[in-house]
Amino acid sequence: MDTLNVQGGYPLTGELKIQGSKNTVLPVMAAAVLYKGVTMLTNVPMIQDVYCMIHILEAVGVKIVFSDHCLVMDASSVENGEIPMEDVKRMRSSIMLLGALLGRTGEAVTSYPGGCSIGLRPINLHLKGLTEMGAEISEDGTKIRACASRLKGAYIRLDFPSVGATENILLAAVAAEGVTVIENAAREPEIIELCLFLQKMGVPVRGAGTGRIKIEGKRELRQTSYRITGDRIVAGTYLAAAAVTGGQVRLTGIYTPYMASVIRAFRECGCDVTWGKEEVSLRSDGRVAAVPWVKTAPYPGFPTDMQSPFMALLAYGNGVSMIEETIFEGRLKLAEQLAKMGADIRVEENRAWVTGQKKLRGALVEAGDLRAGAALAVAAVGAEGRTRIADPGYIRRGYESIDWDLQSLGGRIWW
Ligand code: UD1
C-alpha cells in the first residue's frame with residue numbers, strides 16, 4: 001500500500017495553479033458519449049477517476065487520446081452499453097454513465113455501486129427519473145439493465161437535489177423526445193458546468209444553477225471543445241493546509257464564485273482571505289478560530305466534500321467547533337484517524353464536536369476515503385513530526401499531485 005509521508009511544521013507559502021475539477025470532468029466525459037463524433041476537453045486532471053472513466057468509455061467503443069491534460073474522445077461508434085463490473089466497483093460515479101449510454105444505445109447495463117466508506121449511496125432517484133422517461137429497469141441479482149427503445153421527455157421531481165441523479169436525467173433527456181423538466185434539481189457548480197457544456201454541444205437547456213432545469217431533447221448535436229474549470233475542493237483543501245501552517249498562498253485557475261460558502265467559512269476561522277474572479281489568497285498567523293456550527297448542505301451550502309479538510313483545520317481551533325454532516329454521515333469517521341494525531345473530537349450520530357488543540361503530532365494514520373486522505377494531509381502539514389498516511393489509492397483518485405503541489409509551496413511531503 002502507498003504511504004503519503006508528511007514532515008509537518010513548514011509554513012506553506014507561494015502561488016499555485018489548481019488542477020481541473022474531478023466532479024466536473026466526469027459527467028462531461030459521460031455527456032460526450034451522446035455525440036457521434038469528436039469532443040475535446042482541456043484542463044482535464046490526470047487523476048485515477050479520469051483514467052477509470054477512460055477505461056469504461058473505451059470498453060463501450062469510444063476512442064480516446066489523453067495527453068498533457070487534453071482529452072480527445074471519438075464516440076462515432078458506440079454500440080455496447082455495458083459498464084464493466086470491476087469499474088463500477090473502482091469508481092462509484094460510473095453510475096452517471098447510465099443516462100448517457102441509455103440515450104445513445106437504448107440500453108445500459110451496470111451493477112449496483114453499493115455502499116462505500118462515506119455512506120450508503122443509494123441510486124433510487126437515478127432509476128426513478130429514468131423510469132419516468134420511459135426506461136424499463138430490470139435486475140438479475142448483480143446487474144441492473146435499463147432499456148428504452150424511445151425515451152420521452154418528462155416532468156421529474158426529485159425528492160432530494162441529488163447531483164448524480166440530476167446529471168443522469170439531464171444526459172438521458174438530451175436523447176429524449178420533447179421537453180424534460182427536473183424539479184428540485186441539484187444546483188451545484190458541476191451541474192452548471194455540465195449544462196454549459198451541453199449548450200455548447202447544441203442542447204437547449206435552461207435553469208442551470210436553479211432548482212428547475214428545462215431541457216429540450218433530440219436536437220442535432222455538434223462537435224465541442226470545452227475547458228474544465230478548476231477544482232473548488234482541491235483549492236479548499238490547499239487553503240486549509242496553508243491555514244494550519246500559518247502560511248500565505250495564492251491559488252489561481254479556479255472560479256471563486258463557486259467557492260463562496262467555503263471562503264466565508266475560512267474567514268470565520270480568522271483567516272485573511274481575499275479573492276478575484278479566478279484566484280483566491282489566504283494569509284494566516286497559524287491561529288484558527290473555532291466555529292460554532294458548520295453544517296454541510298447541498299449547494300450553495302457548505303460542501304460535504306470540504307467537511308473533512310475543515311475538520312482537520314478545526315482540530316487546531318482555539319475552542320470547540322461543531323460540525324453537522326447532513327449528506328454523507330460516514331465522513332465523520334475521519335475523527336478516529338485525527339485522534340491518533342492528538343485531536344479531540346467527539347462524534348454523536350451526524351455531529352462532531354471538535355475541541356481544538358495547539359498542536360497535533362505526527363502518527364501513522366489511514367485514509368478511509370478520498371477527502372479523508374486529503375484532510376489527513378492537511379492535519380499533517382501543521383503537526384509536529386512525521387505523519388504517514390496509509391492510502392490504498394484514495395488520494396490519487398482526485399488529487400493529481402498533492403505531493404508536488406504542497407512541495408512547491410514549501411511543504412515536506414512525498415509518496
Ligand atoms: C456527488 C459528488 C460528491 C459529492 C456529492 C454531494 C461526483 C462524482 N461526486 O456525489 O463528491 O460529495 O455529489 O455534493 O460528482 N441519494 C439518494 N438516492 C439517490 C441518490 C442520492 O438517497 O438516488 C442521497 C445520497 O445518499 C446522499 C445525497 O443524496 O445522502 C447526496 O447524494 P448525491 O448528490 O447524489 O451525490 P453523488 O452524485 O453521489
# chains A, B, ... in the order shown; residues from 1 in each chain; ligands from 1
>>> closest_atom_pairs(of="chain A", to="ligand 1", cutoff="7 Å", atoms="only C-alpha atoms and all ligand atoms", output="CSV")
residue,atom,partner,partner_atom_place_in_ligand_line,distance
A:Asn23,CA,ligand 1,15 (O),4.1
A:Thr24,CA,ligand 1,15 (O),7.0
A:Leu26,CA,ligand 1,8 (C),6.7
A:Ser93,CA,ligand 1,8 (C),5.0
A:Gly119,CA,ligand 1,26 (O),6.7
A:Leu120,CA,ligand 1,26 (O),5.8
A:Arg121,CA,ligand 1,26 (O),4.0
A:Pro122,CA,ligand 1,18 (N),4.6
A:Ile123,CA,ligand 1,23 (O),3.2
A:Asn124,CA,ligand 1,23 (O),4.0
A:Leu125,CA,ligand 1,23 (O),3.5
A:His126,CA,ligand 1,23 (O),4.9
A:Phe160,CA,ligand 1,29 (O),6.2
A:Pro161,CA,ligand 1,34 (O),6.3
A:Ser162,CA,ligand 1,34 (O),3.4
A:Val163,CA,ligand 1,34 (O),3.7
A:Gly164,CA,ligand 1,38 (O),3.3
A:Ala165,CA,ligand 1,35 (O),5.8
A:Pro298,CA,ligand 1,14 (O),6.2
A:Pro303,CA,ligand 1,14 (O),6.1
A:Thr304,CA,ligand 1,12 (O),5.4
A:Asp305,CA,ligand 1,12 (O),4.9
A:Ile327,CA,ligand 1,30 (O),4.3
A:Phe328,CA,ligand 1,30 (O),5.2
>>> closest_atom_pairs(of="stretch 93-195 of chain A", to="stretch 251-274 of chain A", cutoff="10 Å", atoms="only C-alpha atoms", output="CSV")
residue,atom,partner,partner_atom,distance
A:Glu188,CA,A:Tyr258,CA,8.4
A:Pro189,CA,A:Tyr258,CA,6.2
A:Glu190,CA,A:Tyr258,CA,9.4
>>> select_by_dssp(residues="stretch 29-97 of chain A", states="strand (DSSP E or B)", output="list of chain:residue names")
A:Val38, A:Thr39, A:Met40, A:Leu41, A:Thr42, A:Lys63, A:Ile64, A:Val65, A:Phe66, A:Ser67, A:Cys70, A:Leu71, A:Val72, A:Met73, A:Asp74, A:Glu82
>>> closest_residue(among="A:Met306, A:Leu151, A:Val109, A:Leu370", to="A:Ile389", atoms="only C-alpha atoms")
A:Leu370
>>> atom_distance(atom1="atom CA of A:Tyr35", atom2="atom CA of A:Thr210")
25.8 Å
>>> closest_residue(among="A:Ser149, A:Asn318, A:Ser308, A:Thr355", to="A:Ala379", atoms="only C-alpha atoms")
A:Ser308
>>> select_by_dssp(residues="stretch 163-253 of chain A", states="helix (DSSP H, G or I)", output="tab-separated table (two decimals) with N, CA, C and O atoms, in the first residue's frame")
chain	number	residue	atom	x	y	z
A	163	VAL	N	-26.93	15.28	-6.93
A	163	VAL	CA	-26.07	15.71	-8.04
A	163	VAL	C	-26.06	14.63	-9.13
A	163	VAL	O	-26.32	14.89	-10.30
A	164	GLY	N	-25.78	13.39	-8.73
A	164	GLY	CA	-25.67	12.30	-9.70
A	164	GLY	C	-26.98	12.06	-10.44
A	164	GLY	O	-26.99	11.84	-11.66
A	165	ALA	N	-28.10	12.08	-9.72
A	165	ALA	CA	-29.39	11.82	-10.37
A	165	ALA	C	-29.71	12.94	-11.35
A	165	ALA	O	-30.18	12.70	-12.47
A	166	THR	N	-29.43	14.19	-10.96
A	166	THR	CA	-29.66	15.33	-11.88
A	166	THR	C	-28.83	15.13	-13.15
A	166	THR	O	-29.33	15.32	-14.27
A	167	GLU	N	-27.57	14.71	-12.98
A	167	GLU	CA	-26.71	14.52	-14.15
A	167	GLU	C	-27.24	13.41	-15.06
A	167	GLU	O	-27.31	13.56	-16.29
A	168	ASN	N	-27.62	12.29	-14.47
A	168	ASN	CA	-28.11	11.17	-15.26
A	168	ASN	C	-29.38	11.54	-16.03
A	168	ASN	O	-29.53	11.21	-17.21
A	169	ILE	N	-30.29	12.24	-15.37
A	169	ILE	CA	-31.54	12.61	-16.02
A	169	ILE	C	-31.27	13.61	-17.15
A	169	ILE	O	-31.82	13.50	-18.25
A	170	LEU	N	-30.38	14.58	-16.86
A	170	LEU	CA	-30.02	15.56	-17.90
A	170	LEU	C	-29.50	14.87	-19.15
A	170	LEU	O	-29.89	15.20	-20.27
A	171	LEU	N	-28.63	13.89	-18.95
A	171	LEU	CA	-27.99	13.25	-20.11
A	171	LEU	C	-28.99	12.38	-20.87
A	171	LEU	O	-28.99	12.35	-22.10
A	172	ALA	N	-29.87	11.70	-20.14
A	172	ALA	CA	-30.90	10.92	-20.83
A	172	ALA	C	-31.83	11.87	-21.58
A	172	ALA	O	-32.28	11.57	-22.70
A	173	ALA	N	-32.10	13.04	-20.99
A	173	ALA	CA	-33.04	13.99	-21.59
A	173	ALA	C	-32.53	14.53	-22.93
A	173	ALA	O	-33.33	14.91	-23.79
A	174	VAL	N	-31.20	14.56	-23.10
A	174	VAL	CA	-30.63	15.04	-24.37
A	174	VAL	C	-31.13	14.16	-25.53
A	174	VAL	O	-31.38	14.64	-26.64
A	189	PRO	N	-22.16	23.73	-8.78
A	189	PRO	CA	-21.40	24.25	-9.93
A	189	PRO	C	-21.16	23.18	-11.00
A	189	PRO	O	-21.11	23.51	-12.19
A	190	GLU	N	-21.03	21.93	-10.59
A	190	GLU	CA	-20.77	20.86	-11.57
A	190	GLU	C	-21.97	20.68	-12.49
A	190	GLU	O	-21.83	20.28	-13.66
A	191	ILE	N	-23.17	20.98	-12.01
A	191	ILE	CA	-24.38	20.91	-12.85
A	191	ILE	C	-24.36	22.10	-13.82
A	191	ILE	O	-24.67	21.96	-15.01
A	192	ILE	N	-23.98	23.25	-13.29
A	192	ILE	CA	-23.91	24.44	-14.16
A	192	ILE	C	-22.93	24.19	-15.30
A	192	ILE	O	-23.21	24.44	-16.48
A	193	GLU	N	-21.76	23.64	-14.94
A	193	GLU	CA	-20.73	23.38	-15.96
A	193	GLU	C	-21.21	22.35	-16.98
A	193	GLU	O	-20.99	22.50	-18.18
A	194	LEU	N	-21.89	21.31	-16.50
A	194	LEU	CA	-22.40	20.30	-17.43
A	194	LEU	C	-23.40	20.93	-18.40
A	194	LEU	O	-23.37	20.67	-19.61
A	195	CYS	N	-24.25	21.80	-17.87
A	195	CYS	CA	-25.25	22.45	-18.74
A	195	CYS	C	-24.58	23.40	-19.73
A	195	CYS	O	-25.01	23.50	-20.89
A	196	LEU	N	-23.52	24.09	-19.28
A	196	LEU	CA	-22.80	24.97	-20.22
A	196	LEU	C	-22.19	24.14	-21.34
A	196	LEU	O	-22.21	24.53	-22.52
A	197	PHE	N	-21.67	22.97	-20.97
A	197	PHE	CA	-21.10	22.08	-21.99
A	197	PHE	C	-22.20	21.62	-22.96
A	197	PHE	O	-22.03	21.65	-24.18
A	198	LEU	N	-23.35	21.22	-22.41
A	198	LEU	CA	-24.45	20.75	-23.26
A	198	LEU	C	-24.92	21.86	-24.20
A	198	LEU	O	-25.20	21.63	-25.37
A	199	GLN	N	-24.99	23.08	-23.66
A	199	GLN	CA	-25.40	24.21	-24.51
A	199	GLN	C	-24.43	24.38	-25.67
A	199	GLN	O	-24.83	24.58	-26.82
A	200	LYS	N	-23.14	24.26	-25.36
A	200	LYS	CA	-22.12	24.40	-26.41
A	200	LYS	C	-22.27	23.28	-27.44
A	200	LYS	O	-21.96	23.45	-28.62
A	201	MET	N	-22.76	22.14	-26.99
A	201	MET	CA	-22.97	20.98	-27.87
A	201	MET	C	-24.24	21.15	-28.71
A	201	MET	O	-24.54	20.32	-29.56
A	232	ARG	N	-12.77	23.22	-7.12
A	232	ARG	CA	-13.02	24.05	-5.93
A	232	ARG	C	-12.68	23.29	-4.65
A	232	ARG	O	-12.35	23.90	-3.62
A	233	ILE	N	-12.75	21.97	-4.67
A	233	ILE	CA	-12.46	21.22	-3.44
A	233	ILE	C	-10.95	21.09	-3.24
A	233	ILE	O	-10.45	21.21	-2.11
A	234	VAL	N	-10.21	20.88	-4.32
A	234	VAL	CA	-8.75	20.84	-4.20
A	234	VAL	C	-8.26	22.21	-3.70
A	234	VAL	O	-7.43	22.30	-2.80
A	235	ALA	N	-8.83	23.28	-4.26
A	235	ALA	CA	-8.44	24.62	-3.82
A	235	ALA	C	-8.72	24.78	-2.32
A	235	ALA	O	-7.88	25.26	-1.56
A	236	GLY	N	-9.91	24.36	-1.90
A	236	GLY	CA	-10.27	24.47	-0.48
A	236	GLY	C	-9.35	23.66	0.41
A	236	GLY	O	-8.98	24.09	1.52
A	237	THR	N	-8.94	22.49	-0.07
A	237	THR	CA	-8.03	21.64	0.71
A	237	THR	C	-6.70	22.35	0.93
A	237	THR	O	-6.16	22.38	2.04
A	238	TYR	N	-6.19	22.98	-0.13
A	238	TYR	CA	-4.88	23.64	-0.01
A	238	TYR	C	-4.98	24.92	0.83
A	238	TYR	O	-4.04	25.29	1.51
A	239	LEU	N	-6.15	25.57	0.79
A	239	LEU	CA	-6.33	26.74	1.67
A	239	LEU	C	-6.26	26.28	3.13
A	239	LEU	O	-5.63	26.93	3.98
A	240	ALA	N	-6.90	25.15	3.42
A	240	ALA	CA	-6.88	24.63	4.80
A	240	ALA	C	-5.45	24.28	5.21
A	240	ALA	O	-5.03	24.55	6.34
A	241	ALA	N	-4.70	23.70	4.27
A	241	ALA	CA	-3.31	23.32	4.58
A	241	ALA	C	-2.48	24.58	4.88
A	241	ALA	O	-1.69	24.59	5.82
A	242	ALA	N	-2.70	25.63	4.09
A	242	ALA	CA	-1.96	26.87	4.34
A	242	ALA	C	-2.36	27.45	5.69
A	242	ALA	O	-1.51	27.93	6.45
A	243	ALA	N	-3.65	27.37	6.01
A	243	ALA	CA	-4.15	27.98	7.25
A	243	ALA	C	-3.54	27.31	8.49
A	243	ALA	O	-3.14	28.00	9.43
A	244	VAL	N	-3.43	25.99	8.51
A	244	VAL	CA	-2.91	25.34	9.73
A	244	VAL	C	-1.40	25.55	9.89
A	244	VAL	O	-0.87	25.35	10.99
